[in-house]
Structure formats: C-alpha cells, structure tokens
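First comes the structure, then the notes that go with it.
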Amino acid sequence: MSHRLAIHGGVPVRKSMLPYGCQSVDESDIQVVAEVLRSDWLTTGPKVLEFEQAFADLVGQSYAVSVSSGTAALHAAMYALGITSGDEVIVPAMTFVATANCVVYQGGTPIFCDVEPDTLLLDPDKLESKITSRSKAILVMDYAGHPCDYDTIRAIADRHGLALVADACHSLGGSYKGISVGSLADLNVFSFHPVKAITTGEGGMITTDNEALADELRIFRNHGVTSDHRQRADKGSFFYEMAELGFNYRLTDFQSALGLSQLYKLPEFVVRRQEIAVLYDVALSDTPAIFPLTVRSEVSHAYHLYVVQLDLSAISMNRAQLFAALRAENIGANVHYIPVYWHPYYRHLGYQKGICPIAETAYQQILSLPIYPRMSDRDVETAVRSVGKVISYYAHAKRL
Ligand SMILES: *Cc1c(COP(=O)(O)O)cnc(C)c1O
C-alpha cells in the first residue's frame with residue numbers, strides 16, 4: 001500500500017467516497033410508501049396520526065406533532081411558546097443555524113451561550129449570566145447525539161420561569177439518566193432529514209406533555225386554521241376558521257408511512273451507530289493528536305455524529321489540510337459547526353466575534369468522521385487508516 005498521500009498523487013485508501021452520513025432505506029420502507037401512494041390519502045390521513053402516536057409512545061410523551069422539517073419544528077416550537085419581538089431565547093453557539101434562525105423567524109433575539117470544551121454542549125455554568133428580564137426560553141441542542149445536562153439546565157430554567165426547549169435533531173434514540181430523549185424538555189424537536197437517525201426525506205416532529213402547546217403546534221402547521229381537511233370530511237362540514245397566522249408545514253401520509261417503518265428500526269440503527277463509535281474509540285486511542293469528545297456516564301449517546309478534536313500543536317498541519325487530505329483518501333469528513341453568529345447574516349445583525357470563545361476555538365479543531373448504520377466495519381477501518389496515514393505523514397514532517 002502506498003504511504004504517499006492521495007492529495008500528493010498517491011493511491012487513495014478507498015476507491016469510493018465514504019460519506020459522513022447516509023440514510024438506511026430498504027425494500028420494506030419502499031413497500032409501505034407504495035401502499036400509501038395507492039390509497040385515498042396522500043396527505044393528512046391515517047398514517048400521519050399513526051406515526052405521531054407511535055413516536056409519542058416511543059419517547060414517552062402524550063403528544064407528538066409532525067411537521068415538514070426539523071426547521072419547521074423549531075419554528076412551531078417558538079410560535080407555541082409565544083416568542084415575539086423583544087423576547088430573548090438562549091441558544092448554544094455550537095449548533096446548526098436553524099437552532100437560532102427559529103427565534104429570528106418570530107422576531108425574537110437569539111442570545112448565544114458558550115459550550116463546554118470537552119462535550120461542546122451548552123455550558124450550564126455560563127447560562128445564568130445570559131438570562132435577562134427579556135429572556136423567555138432556553139433552547140439547548142444535544143450536540144452529536146449526546147444529551148445535555150438536563151437536570152442542571154431544568155433547575156436554572158425553573159428558577160427563572162423560562163421554558164426549556166430541546167433541539168434533539170441529533171439525539172433521537174438516546175437517553176439521559178434512563179429517560180428518553182424526547183421527554184426531557186417542555187418541547188422536543190426532531191428532524192427526519194436523510195442524515196438523521198430516521199428519515200422521511202424531509203420531515204420533523206415536536207413532542208410534549210402539554211396539551212395546550214400541542215394544540216398550538218397543530219394550528220400553526222396548518223395555516224393557523226383550527227380544523228384540518230380530514231376532521232372536516234369526518235364531520236361533513238365545510239366550515240373552518242383561521243384565528244392566527246400559520247404556515248403549511250404539514251407532513252404527508254406517504255412520508256409518515258416511511259417514518260413509521262423507519263421508527264421500528266430505530267433501536268437497531270442506534271445500536272449500530274454505538275458499535276461504530278466504539279470501533280473508532282478503540283482504533284483512534286493510540287493515534288496521536290486526535291481526541292474523541294467526552295461522553296458522560298449518565299447518558300446513552302445516539303451518535304448522530306462522531307466528532308474528534310485535533311491537537312494541532314502536535315502536528316504541522318491545520319484542520320483544513322487534514323480535511324482536504326482525508327477527502328483525497330475518499331473519506332467524507334465534515335465540520336459541525338461554524339459558530340452560528342460567525343455567519344454573515346448574524347454579523348450584519350450586529351453579533352461580534354469573540355462572544356463564545358470556547359465554541360470559536362473548538363470550531364478550528366473539530367472534525368466529524370463518517371458514521372451511519374449501513375457503514376461496515378471495513379468502512380470504519382478505512383476511515384481510521386486514512387486518519388492514521390495523514391496524521392503520521394504530518395507528524396513526521398514536523399519532526400524533520
Ligand atoms: C438537521 C438539524 C436541524 C434542521 O432540520 P431540517 O429537517 O434539516 O430542517 C436543526 N437543528 C439541528 C441541530 C440539526 O442537526
């Protein structure tokens with residue numbers, strides 16, 4: 001095997017690109033979608049209710065409301081809580097932009113809180129200093145699939161009378177102190193994008209135990225109208241009222257059939273992700289300069305992402321070089337995330353660099369390695385071998 005890096009013209013470790021994430025859709029999924037396409041209901045029919053009920057049962061909440069994406073789910077959550085202009089919502093700096101955008105959709109102000117250096121989760125010690133008289137909610141995100149420290153964050157939320165929302169788009173299938181993700185916050189938000197734990201193509205869900213919030217979510221996803229098409233058909237009535245301004249954020253029946261079929265496989269998907277993480281942990285333990293994120297003992301990690309931090313002082317390369325070198329070896333590494341307020345849109349709103357230094361430093365040092373259920377042990381091995389090949393080249397270059 002060639003030790004010459006692929007980026008320098010050597011033979012790549014892999015012949016084909018290994019993506020960082022990928023859906024697992026099989027014939028049984030395709031079958032149920034085809035059945036719905038042959039039925040009377042393409043949208044807002046029996047499969048939507050079935051998927052919502054199964055999802056609520058799985059996470060242990062009374063209500064699950066489906067929507068058209070994780071972003072729509074975040075928007076609906078902010079709406080249901082009544083977030084409006086002048087309100088502040090505290091969000092982590094290290095997250096996908098949608099976590100903060102949903103606050104802006106409602107005219108509110110996202111307040112960025114820094115993260116813990118070892119888990120990159122919102123740091124509860126930094127939270128209280130962000131709370132003001134305008135604060136309405138804390139919106140945490142279970143980065144990489146590791147549930148946040150909900151007991152500590154809940155205590156702070158309660159002390160200040162704030163709602164707690166979980167962006168659980170990474171952590172479906174995980175748990176905290178034996179309690180399922182999905183029942184850890186007042187509103188819990190999920191995405192069914194293809195790289196997430198289960199997929200409906202595009203899709204999302206919000207779970208809650210609060211009936212009034214569930215009603216608001218349902219109205220919001222349906223134009224602000226207080227009954228849906230199916231309820232009117234059942235009653236034989238044309239009458240509907242639009243009481244509030246909502247959106248069309250509905251999930252279709254055929255997507256719901258796919259979601260239901262995927263939901264049954266969630267346990268095996270999560271187990272496989274956890275197995276892959278163990279393979280990485282073991283194999284990378286003696287790779288210099290590479291450190292997986294910390295996993296706390298009270299959680300079951302759902303491993304949406306497998307994130308490592310680089311000790312760049314040990315090697316004469318930066319993250320961009322490692323990223324490019326791995327891509328050349330056909331390892332689809334990725335970076336999650338650029339601190340949200342570094343994006344031009346937020347810079348234009350007036351957010352300054354420097355407000356969350358831990359997240360900013362971490363951003364320069366993190367790399368997401370491929371992880372998804374259909375990855376084989378051999379795929380993992382090629383990713384590990386590629387990391388080792390590139391790191392040892394640059395570690396050697398540093399010694400010269
Ligand atoms: C994927 C994701 C979203 C958005 O979900 P979409 O379904 O793509 O709209 C929001 N927050 C986080 C943390 C995500 O990973």
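Quick note on naming: the chains in the structure tokens go A, B, ... in the order shown, residues restart at 1 in each chain, and ligands are numbered from 1 in order of appearance.
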Original post:
Where does DSSP see helix (DSSP H, G or I) in region 228-307 of chain A, if you list the residues as a ChimeraX atom specification?
Top reply: /A:229-235,253-284
Can I get the residues of chain A within 8 Å of ligand 1, each with the closest pair of atoms and their distance in Å to one decimal, using only C-alpha atoms and all ligand atoms, sorted chain first then ascending number, as JSON lines?
{"residue": "A:Ser68", "atom": "CA", "partner": "ligand 1", "partner_atom_place_in_ligand_line": "7 (O)", "distance": 7.6}
{"residue": "A:Ser69", "atom": "CA", "partner": "ligand 1", "partner_atom_place_in_ligand_line": "7 (O)", "distance": 3.9}
{"residue": "A:Gly70", "atom": "CA", "partner": "ligand 1", "partner_atom_place_in_ligand_line": "7 (O)", "distance": 3.4}
{"residue": "A:Thr71", "atom": "CA", "partner": "ligand 1", "partner_atom_place_in_ligand_line": "9 (O)", "distance": 3.7}
{"residue": "A:Ala72", "atom": "CA", "partner": "ligand 1", "partner_atom_place_in_ligand_line": "9 (O)", "distance": 6.4}
{"residue": "A:Ala73", "atom": "CA", "partner": "ligand 1", "partner_atom_place_in_ligand_line": "9 (O)", "distance": 7.8}
{"residue": "A:Leu74", "atom": "CA", "partner": "ligand 1", "partner_atom_place_in_ligand_line": "10 (C)", "distance": 7.3}
{"residue": "A:Thr95", "atom": "CA", "partner": "ligand 1", "partner_atom_place_in_ligand_line": "13 (C)", "distance": 5.6}
{"residue": "A:Phe96", "atom": "CA", "partner": "ligand 1", "partner_atom_place_in_ligand_line": "13 (C)", "distance": 4.9}
{"residue": "A:Val97", "atom": "CA", "partner": "ligand 1", "partner_atom_place_in_ligand_line": "11 (N)", "distance": 7.2}
{"residue": "A:Ala98", "atom": "CA", "partner": "ligand 1", "partner_atom_place_in_ligand_line": "10 (C)", "distance": 5.0}
{"residue": "A:Thr99", "atom": "CA", "partner": "ligand 1", "partner_atom_place_in_ligand_line": "11 (N)", "distance": 5.2}
{"residue": "A:Met141", "atom": "CA", "partner": "ligand 1", "partner_atom_place_in_ligand_line": "13 (C)", "distance": 6.2}
{"residue": "A:Asp142", "atom": "CA", "partner": "ligand 1", "partner_atom_place_in_ligand_line": "13 (C)", "distance": 7.5}
{"residue": "A:Tyr143", "atom": "CA", "partner": "ligand 1", "partner_atom_place_in_ligand_line": "13 (C)", "distance": 7.0}
{"residue": "A:Asp167", "atom": "CA", "partner": "ligand 1", "partner_atom_place_in_ligand_line": "11 (N)", "distance": 6.0}
{"residue": "A:Ala168", "atom": "CA", "partner": "ligand 1", "partner_atom_place_in_ligand_line": "13 (C)", "distance": 6.9}
{"residue": "A:Cys169", "atom": "CA", "partner": "ligand 1", "partner_atom_place_in_ligand_line": "14 (C)", "distance": 4.8}
{"residue": "A:His170", "atom": "CA", "partner": "ligand 1", "partner_atom_place_in_ligand_line": "15 (O)", "distance": 5.6}
{"residue": "A:Phe190", "atom": "CA", "partner": "ligand 1", "partner_atom_place_in_ligand_line": "5 (O)", "distance": 7.2}
{"residue": "A:Ser191", "atom": "CA", "partner": "ligand 1", "partner_atom_place_in_ligand_line": "7 (O)", "distance": 4.1}
{"residue": "A:Phe192", "atom": "CA", "partner": "ligand 1", "partner_atom_place_in_ligand_line": "7 (O)", "distance": 5.6}
{"residue": "A:His193", "atom": "CA", "partner": "ligand 1", "partner_atom_place_in_ligand_line": "7 (O)", "distance": 4.9}
{"residue": "A:Val195", "atom": "CA", "partner": "ligand 1", "partner_atom_place_in_ligand_line": "1 (C)", "distance": 7.9}
{"residue": "A:Lys196", "atom": "CA", "partner": "ligand 1", "partner_atom_place_in_ligand_line": "1 (C)", "distance": 6.9}
{"residue": "A:Glu202", "atom": "CA", "partner": "ligand 1", "partner_atom_place_in_ligand_line": "7 (O)", "distance": 5.8}
{"residue": "A:Gly203", "atom": "CA", "partner": "ligand 1", "partner_atom_place_in_ligand_line": "7 (O)", "distance": 5.6}
{"residue": "A:Gly204", "atom": "CA", "partner": "ligand 1", "partner_atom_place_in_ligand_line": "7 (O)", "distance": 5.8}
Original post:
So which residues of region 268-383 of chain A fall under strand (DSSP E) by DSSP, listed as a list in words?
Top reply: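 Matching residues, listed in order: Ile290, Phe291, Pro292, Val299, Ser300, Tyr306, Val307, Val308, Gln309, Leu310, Ile366, Leu367, Ser368 and Leu369 of chain A.
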Original post:
Counting only C-alpha atoms, what is within 9 Å of Leu122 (chain A), bar same-chain residues fewer than 2 positions away, as an MDAnalysis selection string?
Top reply: chainID A and resid 91:94 113:116 119:120 124:127 140:143 148:149
Those same residues - all heavy atoms - I'd like them written as a compact mmCIF listing (two decimals), in the first residue's frame.
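The result, written out as again_34.txt:
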# COMPACT_ATOMS: atom_id res chain seq x y z
N VAL A 91 -29.51 30.25 23.16
CA VAL A 91 -29.18 29.10 22.31
C VAL A 91 -27.66 28.86 22.37
O VAL A 91 -26.90 29.78 22.64
CB VAL A 91 -29.60 29.34 20.83
CG1 VAL A 91 -31.10 29.60 20.71
CG2 VAL A 91 -28.82 30.48 20.20
N PRO A 92 -27.22 27.62 22.10
CA PRO A 92 -25.77 27.37 22.08
C PRO A 92 -25.12 27.98 20.85
O PRO A 92 -25.77 28.09 19.79
CB PRO A 92 -25.66 25.84 22.07
CG PRO A 92 -26.95 25.38 21.46
CD PRO A 92 -28.00 26.39 21.84
N ALA A 93 -23.85 28.36 20.96
CA ALA A 93 -23.11 28.90 19.81
C ALA A 93 -22.75 27.80 18.83
O ALA A 93 -22.65 28.04 17.62
CB ALA A 93 -21.84 29.60 20.29
N MET A 94 -22.56 26.58 19.35
CA MET A 94 -22.10 25.47 18.52
C MET A 94 -23.31 24.64 18.11
O MET A 94 -23.68 23.67 18.77
CB MET A 94 -21.10 24.62 19.34
CG MET A 94 -20.53 23.40 18.62
SD MET A 94 -19.72 23.75 17.07
CE MET A 94 -18.20 24.55 17.63
N CYS A 113 -24.91 31.27 23.93
CA CYS A 113 -24.22 30.84 25.15
C CYS A 113 -23.08 29.92 24.74
O CYS A 113 -23.22 29.12 23.80
CB CYS A 113 -25.22 30.10 26.04
SG CYS A 113 -24.53 29.56 27.62
N ASP A 114 -21.97 30.02 25.45
CA ASP A 114 -20.80 29.19 25.10
C ASP A 114 -21.01 27.75 25.55
O ASP A 114 -21.96 27.44 26.28
CB ASP A 114 -19.52 29.79 25.71
CG ASP A 114 -18.30 29.52 24.82
OD1 ASP A 114 -18.40 28.71 23.88
OD2 ASP A 114 -17.24 30.14 25.07
N VAL A 115 -20.12 26.88 25.08
CA VAL A 115 -20.25 25.43 25.30
C VAL A 115 -19.12 24.91 26.17
O VAL A 115 -18.10 25.59 26.38
CB VAL A 115 -20.27 24.69 23.94
CG1 VAL A 115 -21.54 25.07 23.16
CG2 VAL A 115 -19.03 24.97 23.11
N GLU A 116 -19.29 23.68 26.67
CA GLU A 116 -18.23 23.03 27.45
C GLU A 116 -17.13 22.57 26.48
O GLU A 116 -17.45 22.03 25.41
CB GLU A 116 -18.78 21.78 28.14
CG GLU A 116 -19.92 22.03 29.10
CD GLU A 116 -20.53 20.74 29.62
OE1 GLU A 116 -20.47 19.70 28.91
OE2 GLU A 116 -21.06 20.75 30.74
N THR A 119 -17.36 18.46 25.69
CA THR A 119 -18.54 17.85 25.05
C THR A 119 -19.12 18.74 23.95
O THR A 119 -19.90 18.26 23.13
CB THR A 119 -19.67 17.62 26.06
OG1 THR A 119 -20.07 18.89 26.61
CG2 THR A 119 -19.23 16.69 27.20
N LEU A 120 -18.78 20.03 23.97
CA LEU A 120 -19.33 21.05 23.06
C LEU A 120 -20.84 21.23 23.23
O LEU A 120 -21.53 21.74 22.35
CB LEU A 120 -18.97 20.75 21.60
CG LEU A 120 -17.46 20.57 21.32
CD1 LEU A 120 -17.20 20.46 19.83
CD2 LEU A 120 -16.64 21.70 21.93
N PRO A 124 -23.85 24.77 31.29
CA PRO A 124 -24.80 25.28 32.29
C PRO A 124 -24.19 26.38 33.18
O PRO A 124 -24.91 27.28 33.62
CB PRO A 124 -25.15 24.05 33.14
CG PRO A 124 -24.78 22.87 32.30
CD PRO A 124 -23.64 23.32 31.43
N ASP A 125 -22.85 26.33 33.40
CA ASP A 125 -22.20 27.35 34.24
C ASP A 125 -22.22 28.74 33.58
O ASP A 125 -22.04 29.74 34.25
CB ASP A 125 -20.74 26.96 34.52
CG ASP A 125 -20.65 25.77 35.45
OD1 ASP A 125 -21.66 25.47 36.13
OD2 ASP A 125 -19.58 25.13 35.48
N LYS A 126 -22.38 28.77 32.27
CA LYS A 126 -22.37 30.05 31.55
C LYS A 126 -23.78 30.56 31.29
O LYS A 126 -23.97 31.66 30.77
CB LYS A 126 -21.67 29.87 30.19
CG LYS A 126 -20.27 29.29 30.30
CD LYS A 126 -19.23 30.27 29.81
CE LYS A 126 -17.82 29.83 30.15
NZ LYS A 126 -17.38 28.72 29.28
N LEU A 127 -24.78 29.73 31.64
CA LEU A 127 -26.16 30.00 31.25
C LEU A 127 -26.76 31.18 32.01
O LEU A 127 -27.37 32.07 31.42
CB LEU A 127 -26.98 28.72 31.48
CG LEU A 127 -28.41 28.65 30.98
CD1 LEU A 127 -28.52 29.04 29.52
CD2 LEU A 127 -28.93 27.21 31.17
N VAL A 140 -31.76 24.29 24.08
CA VAL A 140 -30.49 23.56 24.08
C VAL A 140 -30.42 22.64 22.87
O VAL A 140 -31.44 22.38 22.22
CB VAL A 140 -30.29 22.74 25.38
CG1 VAL A 140 -30.21 23.66 26.58
CG2 VAL A 140 -31.38 21.69 25.56
N MET A 141 -29.24 22.15 22.54
CA MET A 141 -29.08 21.22 21.42
C MET A 141 -28.17 20.07 21.86
O MET A 141 -27.09 20.32 22.39
CB MET A 141 -28.47 21.98 20.23
CG MET A 141 -28.66 21.29 18.89
SD MET A 141 -27.51 19.96 18.57
CE MET A 141 -26.23 20.83 17.66
N ASP A 142 -28.63 18.84 21.64
CA ASP A 142 -27.89 17.65 22.06
C ASP A 142 -26.79 17.33 21.03
O ASP A 142 -26.91 16.36 20.25
CB ASP A 142 -28.84 16.45 22.23
CG ASP A 142 -29.88 16.68 23.31
OD1 ASP A 142 -29.61 17.43 24.26
OD2 ASP A 142 -30.96 16.05 23.21
N TYR A 143 -25.75 18.12 21.06
CA TYR A 143 -24.70 18.08 20.04
C TYR A 143 -24.15 16.66 19.82
O TYR A 143 -23.77 15.98 20.79
CB TYR A 143 -23.56 19.02 20.46
CG TYR A 143 -22.42 19.08 19.48
CD1 TYR A 143 -22.50 19.84 18.33
CD2 TYR A 143 -21.26 18.35 19.70
CE1 TYR A 143 -21.46 19.89 17.42
CE2 TYR A 143 -20.20 18.39 18.81
CZ TYR A 143 -20.32 19.16 17.66
OH TYR A 143 -19.28 19.20 16.78
N CYS A 148 -27.84 16.82 26.63
CA CYS A 148 -27.31 17.86 27.53
C CYS A 148 -27.50 17.46 28.99
O CYS A 148 -28.14 16.47 29.30
CB CYS A 148 -28.04 19.17 27.28
SG CYS A 148 -27.74 19.88 25.67
N ASP A 149 -26.99 18.30 29.89
CA ASP A 149 -27.19 18.08 31.33
C ASP A 149 -28.56 18.66 31.71
O ASP A 149 -28.67 19.77 32.23
CB ASP A 149 -26.06 18.77 32.09
CG ASP A 149 -26.16 18.53 33.59
OD1 ASP A 149 -27.12 17.86 34.03
OD2 ASP A 149 -25.28 19.02 34.32
Subject >> Minimum-distance residue to Lys389 (chain A), chosen among A:Ala289, A:Val65, A:Leu326, A:Ala185 (using only C-alpha atoms) >> reply: A:Leu326
Subject >> Residue neighbourhood Asp158 (chain A), 12 Å, only C-alpha atoms, exclusion window fewer than 2 positions, as a list of chain:residue names >> reply: A:Glu128, A:Lys136, A:Ala137, A:Ile138, A:Tyr150, A:Asp151, A:Thr152, A:Ile153, A:Arg154, A:Ala155, A:Ile156, A:His160, A:Gly161, A:Leu162, A:Ala163, A:Leu164, A:Ala185, A:Asp186
With all heavy atoms retained, could you export that selection as a compact mmCIF listing (two decimals), in the first residue's frame?
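Final output, result_11.txt:
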# COMPACT_ATOMS: atom_id res chain seq x y z
N GLU A 128 -26.58 31.19 33.33
CA GLU A 128 -27.29 32.17 34.14
C GLU A 128 -26.91 33.60 33.80
O GLU A 128 -27.74 34.50 33.85
CB GLU A 128 -27.11 31.87 35.64
CG GLU A 128 -28.46 31.69 36.27
CD GLU A 128 -28.50 30.87 37.56
OE1 GLU A 128 -27.48 30.21 37.91
OE2 GLU A 128 -29.54 30.90 38.21
N LYS A 136 -37.13 34.43 27.56
CA LYS A 136 -38.38 33.67 27.58
C LYS A 136 -38.13 32.16 27.60
O LYS A 136 -38.95 31.41 28.11
CB LYS A 136 -39.24 34.02 26.35
CG LYS A 136 -39.90 35.38 26.42
CD LYS A 136 -41.08 35.37 27.37
CE LYS A 136 -41.38 36.70 28.02
NZ LYS A 136 -41.54 37.81 27.08
N ALA A 137 -37.04 31.73 27.01
CA ALA A 137 -36.82 30.29 26.88
C ALA A 137 -35.33 29.98 26.75
O ALA A 137 -34.53 30.85 26.35
CB ALA A 137 -37.57 29.75 25.66
N ILE A 138 -34.99 28.75 27.11
CA ILE A 138 -33.66 28.21 26.86
C ILE A 138 -33.84 27.11 25.81
O ILE A 138 -34.68 26.22 25.98
CB ILE A 138 -33.04 27.61 28.15
CG1 ILE A 138 -32.93 28.69 29.24
CG2 ILE A 138 -31.68 26.98 27.86
CD1 ILE A 138 -32.66 28.12 30.63
N TYR A 150 -29.61 17.88 31.45
CA TYR A 150 -30.99 18.39 31.59
C TYR A 150 -31.36 18.73 33.02
O TYR A 150 -32.08 19.71 33.25
CB TYR A 150 -32.00 17.41 30.96
CG TYR A 150 -32.03 17.56 29.46
CD1 TYR A 150 -31.24 16.76 28.64
CD2 TYR A 150 -32.80 18.55 28.86
CE1 TYR A 150 -31.24 16.92 27.26
CE2 TYR A 150 -32.80 18.73 27.49
CZ TYR A 150 -32.02 17.92 26.70
OH TYR A 150 -32.00 18.10 25.34
N ASP A 151 -30.89 17.95 34.01
CA ASP A 151 -31.27 18.26 35.40
C ASP A 151 -30.79 19.66 35.78
O ASP A 151 -31.54 20.46 36.34
CB ASP A 151 -30.68 17.23 36.37
CG ASP A 151 -31.51 15.94 36.40
OD1 ASP A 151 -32.59 15.93 35.77
OD2 ASP A 151 -31.06 14.96 37.03
N THR A 152 -29.54 19.96 35.49
CA THR A 152 -28.96 21.25 35.85
C THR A 152 -29.63 22.38 35.07
O THR A 152 -29.98 23.43 35.63
CB THR A 152 -27.45 21.23 35.56
OG1 THR A 152 -26.87 20.11 36.26
CG2 THR A 152 -26.78 22.51 36.03
N ILE A 153 -29.85 22.16 33.77
CA ILE A 153 -30.44 23.20 32.93
C ILE A 153 -31.91 23.42 33.30
O ILE A 153 -32.38 24.56 33.38
CB ILE A 153 -30.26 22.85 31.43
CG1 ILE A 153 -28.76 22.87 31.09
CG2 ILE A 153 -31.03 23.84 30.55
CD1 ILE A 153 -28.41 22.25 29.76
N ARG A 154 -32.62 22.35 33.59
CA ARG A 154 -34.01 22.46 34.02
C ARG A 154 -34.12 23.27 35.32
O ARG A 154 -35.01 24.13 35.45
CB ARG A 154 -34.61 21.06 34.20
CG ARG A 154 -35.94 21.03 34.93
CD ARG A 154 -37.05 21.68 34.14
NE ARG A 154 -37.53 20.81 33.09
CZ ARG A 154 -38.44 21.19 32.18
NH1 ARG A 154 -38.90 22.44 32.18
NH2 ARG A 154 -38.85 20.35 31.26
N ALA A 155 -33.22 23.02 36.25
CA ALA A 155 -33.26 23.75 37.53
C ALA A 155 -33.08 25.25 37.29
O ALA A 155 -33.77 26.07 37.90
CB ALA A 155 -32.17 23.21 38.47
N ILE A 156 -32.17 25.60 36.38
CA ILE A 156 -31.95 27.03 36.06
C ILE A 156 -33.19 27.60 35.37
O ILE A 156 -33.65 28.70 35.71
CB ILE A 156 -30.68 27.19 35.18
CG1 ILE A 156 -29.44 26.77 35.97
CG2 ILE A 156 -30.56 28.64 34.67
CD1 ILE A 156 -28.17 26.63 35.14
N HIS A 160 -35.85 30.67 36.95
CA HIS A 160 -36.09 31.95 36.26
C HIS A 160 -37.41 31.96 35.50
O HIS A 160 -37.67 32.91 34.74
CB HIS A 160 -34.92 32.26 35.32
CG HIS A 160 -33.63 32.47 36.05
ND1 HIS A 160 -33.23 33.69 36.54
CD2 HIS A 160 -32.67 31.58 36.42
CE1 HIS A 160 -32.05 33.56 37.15
NE2 HIS A 160 -31.70 32.28 37.09
N GLY A 161 -38.22 30.91 35.64
CA GLY A 161 -39.51 30.86 34.96
C GLY A 161 -39.41 30.81 33.45
O GLY A 161 -40.22 31.40 32.74
N LEU A 162 -38.40 30.12 32.94
CA LEU A 162 -38.19 30.03 31.49
C LEU A 162 -38.63 28.67 30.95
O LEU A 162 -38.49 27.65 31.63
CB LEU A 162 -36.71 30.23 31.14
CG LEU A 162 -36.06 31.51 31.67
CD1 LEU A 162 -34.58 31.54 31.30
CD2 LEU A 162 -36.78 32.74 31.11
N ALA A 163 -39.16 28.67 29.72
CA ALA A 163 -39.46 27.40 29.05
C ALA A 163 -38.15 26.73 28.64
O ALA A 163 -37.16 27.42 28.37
CB ALA A 163 -40.34 27.66 27.84
N LEU A 164 -38.17 25.40 28.60
CA LEU A 164 -36.99 24.65 28.14
C LEU A 164 -37.37 23.90 26.86
O LEU A 164 -38.32 23.11 26.85
CB LEU A 164 -36.53 23.68 29.23
CG LEU A 164 -35.34 22.78 28.87
CD1 LEU A 164 -34.11 23.60 28.49
CD2 LEU A 164 -35.00 21.85 30.05
N ALA A 185 -37.52 17.92 27.75
CA ALA A 185 -37.79 19.37 27.76
C ALA A 185 -39.30 19.61 27.57
O ALA A 185 -40.05 18.66 27.33
CB ALA A 185 -37.00 20.04 26.63
N ASP A 186 -39.72 20.85 27.70
CA ASP A 186 -41.15 21.17 27.53
C ASP A 186 -41.59 20.90 26.09
O ASP A 186 -42.70 20.43 25.85
CB ASP A 186 -41.40 22.65 27.87
CG ASP A 186 -41.02 22.95 29.30
OD1 ASP A 186 -41.32 22.13 30.18
OD2 ASP A 186 -40.38 24.01 29.54
For Phe55 (chain A), please output as a short mmCIF file (atom, residue, chain, number, x, y, z; two decimals) with N, CA, C and O atoms, in the first residue's frame all residues within 9 Å (counting only C-alpha atoms; exclusion window: fewer than 5 positions along the same chain).
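File produced: out.cif:
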data_model
loop_
_atom_site.label_atom_id
_atom_site.label_comp_id
_atom_site.auth_asym_id
_atom_site.auth_seq_id
_atom_site.Cartn_x
_atom_site.Cartn_y
_atom_site.Cartn_z
N GLU A 50 -50.93 7.78 12.89
CA GLU A 50 -50.27 6.56 13.35
C GLU A 50 -48.79 6.84 13.71
O GLU A 50 -48.29 6.39 14.74
N GLY A 60 -42.15 8.54 25.16
CA GLY A 60 -42.81 8.65 26.45
C GLY A 60 -43.45 10.00 26.71
O GLY A 60 -43.41 10.52 27.83
N GLN A 61 -44.07 10.58 25.67
CA GLN A 61 -44.80 11.83 25.85
C GLN A 61 -46.24 11.64 25.40
O GLN A 61 -46.56 10.72 24.64
N TYR A 63 -48.03 13.79 23.53
CA TYR A 63 -48.32 14.36 22.21
C TYR A 63 -47.07 14.39 21.33
O TYR A 63 -45.98 14.74 21.81
N ALA A 64 -47.28 14.06 20.05
CA ALA A 64 -46.23 14.28 19.04
C ALA A 64 -46.92 14.91 17.84
O ALA A 64 -47.96 14.43 17.40
N MET A 205 -40.67 16.61 13.85
CA MET A 205 -41.65 16.26 14.88
C MET A 205 -41.35 17.11 16.11
O MET A 205 -40.20 17.45 16.37
N THR A 207 -42.39 16.87 20.29
CA THR A 207 -43.08 16.11 21.33
C THR A 207 -43.24 16.97 22.57
O THR A 207 -42.40 17.83 22.86
N LEU A 260 -42.84 5.80 10.02
CA LEU A 260 -43.28 4.72 10.90
C LEU A 260 -42.43 3.47 10.68
O LEU A 260 -41.97 2.83 11.64
N LEU A 263 -39.12 4.09 12.15
CA LEU A 263 -39.15 4.16 13.62
C LEU A 263 -38.97 2.78 14.24
O LEU A 263 -38.31 2.64 15.27
#
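The nearest approach to Asn248 (chain A) among the residues A:Leu266, A:Leu217, A:Ile355, A:Ala333, with only C-alpha atoms taken into account, belongs to A:Leu217.
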Original post:
Between CA of Ser85 (chain A) and CA of Gly350 (chain A), what is the distance, to one decimal in Å?
Top reply: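 Interatomic distance, CA of Ser85 (chain A) to CA of Gly350 (chain A): 16.4 Å.
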**OP:** Skip region 86-89 of chain A itself and residues of its chain fewer than 5 positions away, then list as a ChimeraX atom specification all residues within 9 Å of it, counting only C-alpha atoms.
**Re:** /A:100,103,107-112,131-139
Subject >> 9 Å contact set for Tyr306 (chain A), only C-alpha atoms, chain neighbours under 3 positions out, as a list in words >> reply: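 Those residues are Ala144, Gly145, Ile276, Ala277, Tyr280, Pro292, Leu293, Tyr303, Leu367, Ser368, Leu369, Pro370 and Ile371 of chain A.
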**OP:** Work out how far apart CA of Pro339 (chain A) and CA of Thr287 (chain A) are and give it in Å to one decimal.
**Re:**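 Between CA of Pro339 (chain A) and CA of Thr287 (chain A) the gap works out to 27.2 Å.
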Subject >> Nearest to Thr199 (chain A) by atom-to-atom distance, counting only C-alpha atoms, from A:Ala54, A:Met242, A:Val25, A:Val11 >> reply: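 Using only C-alpha atoms, Thr199 (chain A) sits closest to A:Val25.
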Original post:
Which is closest to Gly21 (chain A) among A:Arg374, A:Lys130, A:Leu121, A:Arg218, if we use only C-alpha atoms?
Top reply: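 Ranked by minimum distance to Gly21 (chain A), first place goes to A:Arg374.
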